[in-house]
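model.cif follows; it contains mmCIF, C-alpha atoms.
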```cif
data_upload
#
loop_
_atom_site.label_atom_id
_atom_site.label_comp_id
_atom_site.auth_asym_id
_atom_site.auth_seq_id
_atom_site.Cartn_x
_atom_site.Cartn_y
_atom_site.Cartn_z
CA MET A 22 -5.22 20.35 -31.50
CA ALA A 23 -5.26 17.30 -29.25
CA ILE A 24 -5.24 17.71 -25.47
CA LYS A 25 -2.05 16.18 -24.06
CA LEU A 26 -2.76 13.66 -21.29
CA LEU A 27 -0.41 12.07 -18.75
CA ILE A 28 -1.69 9.01 -16.83
CA VAL A 29 -0.11 8.30 -13.42
CA ASP A 30 -0.91 5.18 -11.41
CA ASP A 31 1.27 2.47 -9.88
CA SER A 32 -1.06 -0.17 -11.35
CA ARG A 33 -0.29 -0.94 -14.99
CA VAL A 34 -3.76 -2.46 -15.34
CA ILE A 35 -5.38 0.80 -14.23
CA ARG A 36 -3.09 2.93 -16.43
CA ASN A 37 -4.09 0.84 -19.43
CA ARG A 38 -7.76 0.93 -18.48
CA ILE A 39 -7.74 4.73 -18.29
CA ALA A 40 -5.86 4.88 -21.60
CA ARG A 41 -8.52 2.74 -23.28
CA LEU A 42 -11.35 4.84 -21.83
CA THR A 43 -9.88 8.03 -23.27
CA LEU A 44 -10.91 6.74 -26.71
CA ASP A 45 -14.58 7.21 -25.71
CA SER A 46 -16.35 9.16 -28.47
CA ARG A 47 -17.86 11.62 -25.95
CA LEU A 48 -14.40 12.94 -25.13
CA PRO A 49 -12.45 15.45 -27.21
CA ASP A 50 -9.27 14.33 -28.94
CA LEU A 51 -6.83 13.25 -26.21
CA GLN A 52 -3.20 12.43 -26.96
CA ILE A 53 -1.55 10.26 -24.30
CA VAL A 54 1.96 11.65 -23.85
CA GLY A 55 3.01 9.34 -21.05
CA LEU A 56 2.18 6.57 -18.60
CA ALA A 57 3.92 6.87 -15.22
CA GLY A 58 4.04 4.42 -12.31
CA ASN A 59 4.99 6.91 -9.59
CA GLY A 60 5.31 10.62 -8.91
CA LEU A 61 8.97 10.88 -9.90
CA GLU A 62 8.34 9.32 -13.31
CA ALA A 63 5.35 11.65 -13.68
CA MET A 64 7.51 14.72 -13.07
CA GLU A 65 10.08 13.55 -15.64
CA LEU A 66 7.41 12.91 -18.27
CA ALA A 67 5.63 16.18 -17.48
CA SER A 68 8.90 18.11 -17.96
CA GLN A 69 9.40 16.46 -21.36
CA HIS A 70 5.85 16.68 -22.69
CA LYS A 71 4.11 19.51 -20.76
CA PRO A 72 0.70 17.81 -20.53
CA ASP A 73 -2.55 19.77 -20.38
CA LEU A 74 -4.32 17.10 -18.35
CA VAL A 75 -3.17 14.53 -15.77
CA THR A 76 -4.98 11.65 -14.10
CA ILE A 77 -3.14 10.66 -10.94
CA ASP A 78 -3.39 8.04 -8.21
CA LEU A 79 -2.39 8.99 -4.66
CA THR A 80 -0.91 5.86 -3.05
CA MET A 81 2.27 5.29 -5.04
CA PRO A 82 5.91 4.45 -4.31
CA LYS A 83 8.82 6.95 -4.53
CA MET A 84 6.70 10.12 -4.70
CA ASP A 85 3.05 9.89 -3.68
CA GLY A 86 0.22 11.56 -5.53
CA ILE A 87 -0.41 14.42 -3.08
CA GLU A 88 3.23 15.53 -3.30
CA CYS A 89 3.22 15.10 -7.06
CA VAL A 90 0.05 17.19 -7.48
CA GLY A 91 1.75 20.06 -5.63
CA ALA A 92 4.91 19.70 -7.73
CA LEU A 93 3.00 19.56 -11.02
CA VAL A 94 0.92 22.63 -10.21
CA GLY A 95 4.06 24.45 -9.06
CA ALA A 96 5.78 23.75 -12.36
CA PHE A 97 2.74 24.06 -14.66
CA PRO A 98 0.16 26.34 -13.04
CA ARG A 99 -2.45 25.87 -15.80
CA ILE A 100 -2.38 22.05 -15.64
CA ASN A 101 -5.69 20.23 -15.16
CA ILE A 102 -5.42 17.36 -12.65
CA LEU A 103 -7.96 14.64 -11.92
CA VAL A 104 -7.13 12.51 -8.87
CA VAL A 105 -8.28 8.90 -9.30
CA SER A 106 -7.79 7.22 -5.94
CA ALA A 107 -9.18 4.65 -3.55
CA LEU A 108 -8.51 6.95 -0.58
CA SER A 109 -12.08 7.86 0.16
CA ASP A 110 -11.91 10.14 3.21
CA LYS A 111 -12.83 13.80 2.83
CA ILE A 112 -9.58 15.15 4.27
CA THR A 113 -7.49 13.45 1.60
CA ALA A 114 -9.73 14.79 -1.17
CA LEU A 115 -9.61 18.31 0.31
CA THR A 116 -5.81 18.14 0.65
CA ALA A 117 -5.48 17.14 -3.01
CA MET A 118 -7.76 19.99 -4.08
CA LYS A 119 -5.84 22.47 -1.91
CA ARG A 120 -2.63 21.40 -3.65
CA GLY A 121 -4.23 22.22 -6.97
CA ALA A 122 -6.15 19.16 -8.22
CA ARG A 123 -9.38 20.15 -9.99
CA GLY A 124 -11.30 16.90 -9.68
CA PHE A 125 -11.42 13.74 -7.56
CA LEU A 126 -12.78 10.37 -8.66
CA HIS A 127 -12.97 7.51 -6.20
CA LYS A 128 -11.89 4.00 -7.08
CA PRO A 129 -13.51 1.69 -7.92
CA PHE A 130 -14.93 3.65 -10.81
CA SER A 131 -17.18 2.69 -13.68
CA ASP A 132 -16.25 3.48 -17.29
CA ASP A 133 -18.93 6.18 -17.44
CA ALA A 134 -17.78 7.76 -14.17
CA LEU A 135 -14.28 8.31 -15.53
CA VAL A 136 -15.52 9.73 -18.82
CA ASP A 137 -17.94 12.03 -16.97
CA ALA A 138 -15.18 13.22 -14.61
CA LEU A 139 -12.89 14.02 -17.56
CA LEU A 140 -15.70 15.85 -19.38
CA GLU A 141 -16.42 17.90 -16.26
CA LEU A 142 -12.77 18.83 -15.92
CA LEU A 143 -12.45 19.79 -19.59
CA LYS A 144 -15.46 22.12 -19.41
CA ASP A 145 -13.27 24.86 -17.93
CA MET B 24 -4.15 -2.23 21.36
CA ARG B 25 -7.83 -2.78 20.84
CA GLU B 26 -9.47 -5.41 18.67
CA LEU B 27 -11.75 -4.15 15.90
CA SER B 28 -15.39 -4.06 16.91
CA GLU B 29 -18.08 -5.86 14.94
CA THR B 30 -19.33 -2.49 13.69
CA GLU B 31 -15.86 -1.64 12.41
CA PHE B 32 -15.56 -5.04 10.80
CA LYS B 33 -18.87 -4.43 8.98
CA VAL B 34 -17.19 -1.46 7.27
CA PHE B 35 -14.88 -3.94 5.54
CA VAL B 36 -17.77 -6.15 4.49
CA ASP B 37 -19.48 -3.09 2.97
CA ALA B 38 -16.23 -2.11 1.23
CA VAL B 39 -16.04 -5.54 -0.40
CA ARG B 40 -19.64 -5.21 -1.62
CA GLY B 41 -18.91 -1.70 -2.91
CA TYR B 42 -15.79 -2.74 -4.78
CA PHE B 43 -17.49 -5.13 -7.16
CA GLN B 44 -20.66 -3.11 -7.67
CA PRO B 45 -19.40 -1.05 -10.69
CA PHE B 46 -18.43 -4.23 -12.54
CA GLY B 47 -21.72 -6.10 -12.28
CA GLY B 48 -21.84 -9.84 -11.76
CA GLN B 49 -23.28 -11.47 -8.70
CA LEU B 50 -21.38 -10.90 -5.46
CA GLU B 51 -22.12 -13.08 -2.49
CA VAL B 52 -20.59 -12.60 0.95
CA ARG B 53 -20.61 -16.25 1.93
CA ALA B 54 -19.25 -15.89 5.46
CA ALA B 55 -17.62 -13.37 7.75
CA TYR B 56 -15.91 -14.74 10.82
CA LEU B 57 -13.01 -14.52 13.26
CA SER B 58 -10.31 -17.04 12.41
CA GLU B 59 -7.25 -18.20 14.28
CA GLY B 60 -4.10 -18.56 12.22
CA THR B 61 -3.85 -18.22 8.48
CA PRO B 62 -6.93 -19.49 6.63
CA ASN B 63 -6.68 -21.66 3.51
CA LEU B 64 -5.63 -19.13 0.90
CA HIS B 65 -6.00 -18.85 -2.86
CA PRO B 66 -2.79 -18.58 -4.90
CA TYR B 67 -2.68 -14.81 -5.60
CA ILE B 68 -2.45 -12.44 -2.64
CA GLY B 69 -2.40 -8.65 -2.41
CA ILE B 70 -1.34 -7.26 0.98
CA ILE B 71 -1.78 -3.70 2.20
CA PRO B 72 0.32 -2.85 5.26
CA ILE B 73 -1.54 -0.50 7.61
CA SER B 74 -0.10 2.00 10.09
CA GLY B 75 -1.17 5.16 11.91
CA ALA B 76 -4.12 4.79 14.25
CA PHE B 77 -4.29 1.10 13.30
CA SER B 78 -1.60 -1.48 12.78
CA GLY B 79 -1.47 -4.71 10.86
CA GLN B 80 -2.51 -5.58 7.36
CA ILE B 81 -5.46 -6.13 5.08
CA TYR B 82 -5.06 -8.72 2.40
CA LEU B 83 -7.02 -10.31 -0.34
CA SER B 84 -6.45 -13.76 -1.75
CA ALA B 85 -7.96 -14.83 -5.03
CA PRO B 86 -7.64 -17.55 -7.64
CA ALA B 87 -6.46 -16.69 -11.15
CA ALA B 88 -10.01 -17.15 -12.47
CA LEU B 89 -11.43 -14.32 -10.32
CA LEU B 90 -8.60 -12.00 -11.35
CA ARG B 91 -9.03 -12.88 -15.04
CA GLN B 92 -12.73 -12.03 -14.69
CA LEU B 93 -11.79 -8.70 -13.11
CA LEU B 94 -9.37 -7.97 -15.97
CA ARG B 95 -12.14 -8.80 -18.46
CA SER B 96 -14.37 -6.29 -16.62
CA PHE B 97 -11.66 -3.69 -17.33
CA ASN B 98 -11.58 -4.80 -21.01
CA GLU B 99 -7.96 -5.80 -20.36
CA PRO B 100 -6.94 -8.46 -22.91
CA ASN B 101 -3.61 -9.26 -21.22
CA THR B 102 -4.18 -11.86 -18.48
CA SER B 103 -0.50 -12.63 -17.92
CA GLU B 104 0.78 -13.52 -14.45
CA ASP B 105 2.16 -9.98 -14.08
CA ASN B 106 -1.28 -8.53 -14.72
CA LEU B 107 -2.94 -10.99 -12.32
CA LEU B 108 -0.51 -9.81 -9.62
CA ASP B 109 -1.11 -6.18 -10.54
CA ALA B 110 -4.88 -6.76 -10.32
CA VAL B 111 -4.77 -8.46 -6.91
CA GLY B 112 -2.61 -5.62 -5.55
CA GLU B 113 -4.91 -2.97 -6.97
CA LEU B 114 -7.98 -4.75 -5.61
CA ALA B 115 -6.47 -4.92 -2.10
CA ASN B 116 -5.39 -1.28 -2.35
CA THR B 117 -8.87 -0.15 -3.36
CA LEU B 118 -10.52 -2.10 -0.53
CA ALA B 119 -8.11 -0.64 2.04
CA GLY B 120 -8.49 2.88 0.67
CA SER B 121 -12.25 2.76 0.60
CA VAL B 122 -12.57 2.01 4.34
CA ARG B 123 -10.95 5.40 5.03
CA ARG B 124 -14.38 6.89 4.33
CA HIS B 125 -15.26 5.47 7.77
CA PHE B 126 -11.90 5.44 9.60
CA GLY B 127 -10.41 8.65 8.20
CA PRO B 128 -6.84 9.42 7.13
CA ASP B 129 -5.32 8.11 10.38
CA LEU B 130 -5.67 4.64 8.87
CA GLU B 131 -2.50 4.91 6.78
CA VAL B 132 -2.40 2.73 3.70
CA ALA B 133 0.94 1.65 2.18
CA VAL B 134 1.55 0.50 -1.38
CA PRO B 135 0.56 -3.10 -2.12
CA VAL B 136 2.83 -6.10 -1.68
CA THR B 137 1.84 -9.03 -3.88
CA LEU B 138 2.47 -12.76 -3.46
CA ARG B 139 2.45 -15.18 -6.37
CA PRO B 140 1.53 -18.89 -6.27
CA GLY B 141 4.01 -20.82 -4.14
CA ASP B 142 5.16 -17.85 -2.05
CA PRO B 143 4.91 -18.28 1.74
CA PRO B 144 1.61 -16.96 3.11
CA PRO B 145 1.41 -13.63 4.97
CA ARG B 146 2.42 -13.75 8.65
CA HIS B 147 -0.39 -12.49 10.81
CA THR B 148 0.27 -9.74 13.31
CA ARG B 149 -2.74 -10.72 15.48
CA LYS B 150 -3.68 -14.08 16.94
CA ARG B 151 -7.15 -13.78 15.43
CA ALA B 152 -8.16 -12.05 12.23
CA TYR B 153 -11.50 -11.25 10.64
CA THR B 154 -12.04 -13.17 7.43
CA ILE B 155 -14.61 -12.46 4.73
CA ALA B 156 -15.31 -15.25 2.25
CA ILE B 157 -16.80 -14.00 -1.02
CA SER B 158 -17.95 -15.34 -4.31
CA TRP B 159 -18.02 -13.04 -7.35
CA CYS B 160 -19.31 -14.32 -10.69
CA GLY B 161 -18.97 -17.80 -9.17
CA PHE B 162 -15.28 -17.37 -8.24
CA GLU B 163 -14.29 -17.53 -4.59
CA GLY B 164 -11.99 -15.14 -2.77
CA LEU B 165 -10.99 -14.21 0.76
CA VAL B 166 -10.44 -10.84 2.41
CA VAL B 167 -8.53 -10.96 5.69
CA VAL B 168 -8.50 -8.05 8.12
CA ASP B 169 -5.54 -8.58 10.45
CA LEU B 170 -5.75 -5.25 12.22
CA ALA B 171 -5.96 -3.66 15.65
CA ALA B 172 -6.58 -0.09 16.76
CA ASN B 173 -3.54 1.47 18.49
#
```
Before anything else, please render the file you have as structure tokens.
Amino acid sequence: MAIKLLIVDDSRVIRNRIARLTLDSRLPDLQIVGLAGNGLEAMELASQHKPDLVTIDLTMPKMDGIECVGALVGAFPRINILVVSALSDKITALTAMKRGARGFLHKPFSDDALVDALLELLKD
Amino acid sequence: MRELSETEFKVFVDAVRGYFQPFGGQLEVRAAYLSEGTPNLHPYIGIIPISGAFSGQIYLSAPAALLRQLLRSFNEPNTSEDNLLDAVGELANTLAGSVRRHFGPDLEVAVPVTLRPGDPPPRHTRKRAYTIAISWCGFEGLVVVDLAAN
């Protein structure tokens, strides 16, 4: 059965880039169930589709990524979340992990770095 | 309010170098200098308002050709104006976010504001701003750091 993936980023270009990279043959079968441009949209799509895996940006309008990570984990405790963000300080990464994210990938990222980060997350 | 030091400014130059590294292509930092007033800008601009321990803005201005090249690096076939604006905003956001490795979370980064060709240029908050002139894959761009420590 395919792993259900939700992609959250306020940049359409980045959402589409991540979507294309999920077709990499090293990854298991991923089914994209939604593309969200902010945390509120992400919560709506997550309620509808109950994703197994989420990639999420942090700096977004309406509801930022840190708040959204907490809300997603509160609603779906088994969800796997990879933060993909330009915010490169340690405190932000630690805060995201404390809220329940399981991985953190800094932007800018290479194609291989994203695939590797997803593979690492899906090991568990 | 305190002006940025040269050491702090170098963090931005390093961030610009780091941004393009994953995408290959030759990056050249052609000049880094203090400018008075708004420099001659390229048509697409991504602005990141900054607050917290610093105030002001960081912005990037680029021609369509540089942004199309960036989209090609992402394997993005759609090089519409909307995607060029999205790309310039994302580029500015990533540059601003990556300097938090040095400055920490007290440099608060807001969501990008983008300007399209013909829009009025950004209004500077400081009399003088640091400007970094770059060339990536032969396309020129400018990063302007209009920022002071509170």
Point to revise | A:Val105, A:Met81, A:Ala138, A:Cys89 ranked by distance to Val132 (chain B), top pick (using all atoms listed in the file) | key: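 Answer, going by the shortest atom-to-atom distance: A:Met81.
Candidate residues B:Glu131, B:Asp109, B:Glu59, B:Asp37 were compared for distance to Tyr153 (chain B), and the nearest is B:Glu59, using all atoms listed in the file.
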Exercise for review: Give the residues of chain A that lie within 6 Å of chain B; count all atoms listed in the file, and format the answer as a PyMOL selection string.
Suggested key: chain A and resi 107-110+129+131
Could you tell me which residues the PyMOL selection byres ((chain A and resi 51) around 12) returns for this structure, as a compact mmCIF listing (two decimals) with C-alpha atoms, in the frame of the given file?
```txt
# COMPACT_ATOMS: atom_id res chain seq x y z
CA MET A 22 -5.22 20.35 -31.50
CA ALA A 23 -5.26 17.30 -29.25
CA ILE A 24 -5.24 17.71 -25.47
CA LYS A 25 -2.05 16.18 -24.06
CA LEU A 26 -2.76 13.66 -21.29
CA LEU A 27 -0.41 12.07 -18.75
CA ILE A 28 -1.69 9.01 -16.83
CA ILE A 39 -7.74 4.73 -18.29
CA ALA A 40 -5.86 4.88 -21.60
CA ARG A 41 -8.52 2.74 -23.28
CA LEU A 42 -11.35 4.84 -21.83
CA THR A 43 -9.88 8.03 -23.27
CA LEU A 44 -10.91 6.74 -26.71
CA ASP A 45 -14.58 7.21 -25.71
CA SER A 46 -16.35 9.16 -28.47
CA ARG A 47 -17.86 11.62 -25.95
CA LEU A 48 -14.40 12.94 -25.13
CA PRO A 49 -12.45 15.45 -27.21
CA ASP A 50 -9.27 14.33 -28.94
CA GLN A 52 -3.20 12.43 -26.96
CA ILE A 53 -1.55 10.26 -24.30
CA VAL A 54 1.96 11.65 -23.85
CA GLY A 55 3.01 9.34 -21.05
CA PRO A 72 0.70 17.81 -20.53
CA ASP A 73 -2.55 19.77 -20.38
CA LEU A 74 -4.32 17.10 -18.35
CA VAL A 75 -3.17 14.53 -15.77
CA VAL A 136 -15.52 9.73 -18.82
CA LEU A 139 -12.89 14.02 -17.56
CA LEU A 140 -15.70 15.85 -19.38
CA LEU A 143 -12.45 19.79 -19.59
```
Practice item. I need the residue set behind the PyMOL selection byres ((chain A and resi 102) around 8) for this file; please write it as JSON, numbers by chain. Key: {"A": [74, 75, 76, 77, 90, 100, 101, 103, 104, 121, 122, 123, 124]}
